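**Student:** My questions all concern the structure below.
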Amino acid sequence: MGKVFFIRNTGSNYGKLGADALELLKRIVAETGHVFEKEVPIKVHFGERGNTTFIPASAYDGIIRYLKGQGTEPSYIETNVLYRGSRTTAADHIRTAKEHGFTQIPIVIADGEIGTDYDEVRIDKEFFKTCKIGKGYGKYKQLIVTSHFKGHIAAGFGGSLKQLAMGFAARSGKLAQHTNISPIVDSSKCTSCGVCVEKCDFGAIAIDDAAVIDPKKCVGCAGCIAVCPQGAIRNSWKGVNFLEKVAEYAYGATRGKDIIYISFVHNVTEECDCIGSPMKPIIGHIGVLAGKDPVSLDAACLDLVQKAAGKKVFDFGRAALAHAEKIGLGSAAYELVELR
Ligand code: SF4
Ligand code: SF4
């Protein structure tokens, strides 16, 4: 059973939210005797351009000051997204992050300029034998993984497991979770420009009337998704055991790492911060939670959200918790310790 610390905070003051997150972090440090190493990245979600409900940079000010006071050099760390948007390449991703105010510390995009840099991490689980984790994560032993807990169209909810699974995976790792395994081409958008053919190192794309991907040759690197100027190539969602795969990638992301998890249950929207337009939250603000077991933490956040909603919102996402528990990532049972 994991211990989850909680500070209730129903206000919308981000400075206060950040102070609560820092208090929770200090509590975990005190309880576990955690000593920070020289470099500790903070995993965040910078928000897609146009999104207005992502956790803003100011919520991290207190944690950054604290880490620096401990003699640690913090950075923000992220990976590129699978789809075309304002965070598809490292250059665009960093530009979007800075536009959103994440300027306090350096930004590391762990899977390189177009999301193709990764290390294979062996896990030997049901759906994956290895996970493709952004190469930039390799040098860090300690991390602070923060999440904005909210809904997600495919995962039920987005919390710590989703941050680990998608946020640590290189583009091909994201694709492996999303599909079996080749992306698909929308021929109505394709202009037969051939940019994807040039990009594909595996000779998997040919131009007929439109681009055609040969699933026998495709290795799912997702490079073509990043370069198509028409946004004509996308991941396919058919029959993929997505939630179990998320759990296994989350497991892979944590191998060899010492991670403290912090989740902001704040502006709980039905969809994730990857949506590039304003969304109306279905629940306002509940508070901040933290712990060292991502499964316990997600379970606690989900229970609080469902209690506030008065119904079982996002409930199908519990399948990810069950699989995470089964493969030994953590425990869905938790002890909730409310600090005040
Ligand atoms: S890059 Fe996009 S538009 Fe160009 S051929 Fe490939 S799929 Fe079609
Ligand atoms: S995902 Fe990679 S291997 Fe597959 S078609 Fe696209 S560029 Fe080629």
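The chains in the structure tokens are called A, B, ... from first to last as shown; in each chain the residues are counted from 1, and the ligands are counted from 1 in the order shown.
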Give me every alpha helix (DSSP H) residue in region 82-234 of chain A, going by DSSP on the backbone, as number ranges by chain.
**Tutor:** A: 90-99, 160-168, 171-178, 195-199, 223-227
**Student:** Tell me, counting only C-alpha atoms and all ligand atoms, for each residue of chain A within 6 Å of ligand 1, which pair of atoms is nearest and how far apart they are in Å to one decimal, in rows ordered by chain and increasing number, as a tab-separated table.
**Tutor:**
```
residue	atom	partner	partner_atom_place_in_ligand_line	distance
A:Val185	CA	ligand 1	7 (S)	6.0
A:Cys190	CA	ligand 1	8 (Fe)	3.7
A:Thr191	CA	ligand 1	3 (S)	4.5
A:Ser192	CA	ligand 1	5 (S)	3.7
A:Cys193	CA	ligand 1	4 (Fe)	3.9
A:Gly194	CA	ligand 1	5 (S)	4.0
A:Val195	CA	ligand 1	1 (S)	4.2
A:Cys196	CA	ligand 1	1 (S)	4.1
A:Ala210	CA	ligand 1	8 (Fe)	5.9
A:Ala211	CA	ligand 1	5 (S)	4.9
A:Cys228	CA	ligand 1	1 (S)	3.7
A:Pro229	CA	ligand 1	2 (Fe)	5.8
A:Gln230	CA	ligand 1	3 (S)	5.1
A:Ala232	CA	ligand 1	2 (Fe)	5.1
A:Ile233	CA	ligand 1	7 (S)	5.6
```
**Student:** Which residue gives the smallest distance to ligand 2 among A:Asp20, A:Glu48, A:Asp214, A:Glu325, with only C-alpha atoms and all ligand atoms counted?
**Tutor:**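 The answer is A:Asp214, which sits nearest to ligand 2.
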**Student:** Select, from A:Thr130, A:Ala57, A:Ser147, A:Ala222, the residue with the minimum atom-to-atom distance to Ile105 (chain A), counting only C-alpha atoms.
**Tutor:**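 Going through A:Thr130, A:Ala57, A:Ser147, A:Ala222 one by one, the smallest distance to Ile105 (chain A) is for A:Ala57.
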**Student:** Would you list the contacts of region 200-205 of chain A as a list in words, taking every protein, DNA or RNA residue within 6 Å and counting only C-alpha atoms, but skipping same-chain residues closer than 4 positions in sequence?
**Tutor:** Val212, Ile213, Asp214, Lys217 and Cys218 of chain A
**Student:** Restricting it to N, CA and C atoms, dump the selection as an mmCIF file, in the first residue's frame.
**Tutor:**
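The file below, result_20.cif, is the result:
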```cif
data_model
loop_
_atom_site.group_PDB
_atom_site.id
_atom_site.type_symbol
_atom_site.label_atom_id
_atom_site.label_comp_id
_atom_site.auth_asym_id
_atom_site.auth_seq_id
_atom_site.Cartn_x
_atom_site.Cartn_y
_atom_site.Cartn_z
ATOM 1 N N VAL A 212 1.672 5.548 -49.346
ATOM 2 C CA VAL A 212 1.206 4.256 -48.839
ATOM 3 C C VAL A 212 2.311 3.687 -47.949
ATOM 4 N N ILE A 213 1.948 3.279 -46.728
ATOM 5 C CA ILE A 213 2.939 2.730 -45.798
ATOM 6 C C ILE A 213 2.849 1.211 -45.806
ATOM 7 N N ASP A 214 3.993 0.563 -45.982
ATOM 8 C CA ASP A 214 4.055 -0.899 -45.962
ATOM 9 C C ASP A 214 4.272 -1.353 -44.512
ATOM 10 N N LYS A 217 7.461 -3.315 -43.534
ATOM 11 C CA LYS A 217 8.759 -2.613 -43.445
ATOM 12 C C LYS A 217 8.785 -1.568 -42.327
ATOM 13 N N CYS A 218 7.627 -1.025 -41.989
ATOM 14 C CA CYS A 218 7.559 0.072 -41.003
ATOM 15 C C CYS A 218 7.949 -0.426 -39.614
#
```
**Student:** Hey, what's within 6 Å of region 63-80 of chain A if we count only C-alpha atoms and toss same-chain stuff fewer than 2 positions away? As a list in words, please?
**Tutor:**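 Neighbouring residues, sequence-local ones excluded: Leu22, Lys38, Glu39, Val40, Pro41, Ile42, Lys43, Tyr60, Asp61, Arg87, Thr88, Thr89, Ile105, Pro106, Ile107, Val108, Ile109, Ala110, Asp111, Gly115 and Gly167 of chain A.
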**Student:** Using only C-alpha atoms, can you tell me which of A:Gly330, A:Gly151, A:Pro281, A:Gly231 comes closest to Lys312 (chain A)?
**Tutor:**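 When distances to Lys312 (chain A) are compared using only C-alpha atoms, the smallest one comes from A:Gly151.
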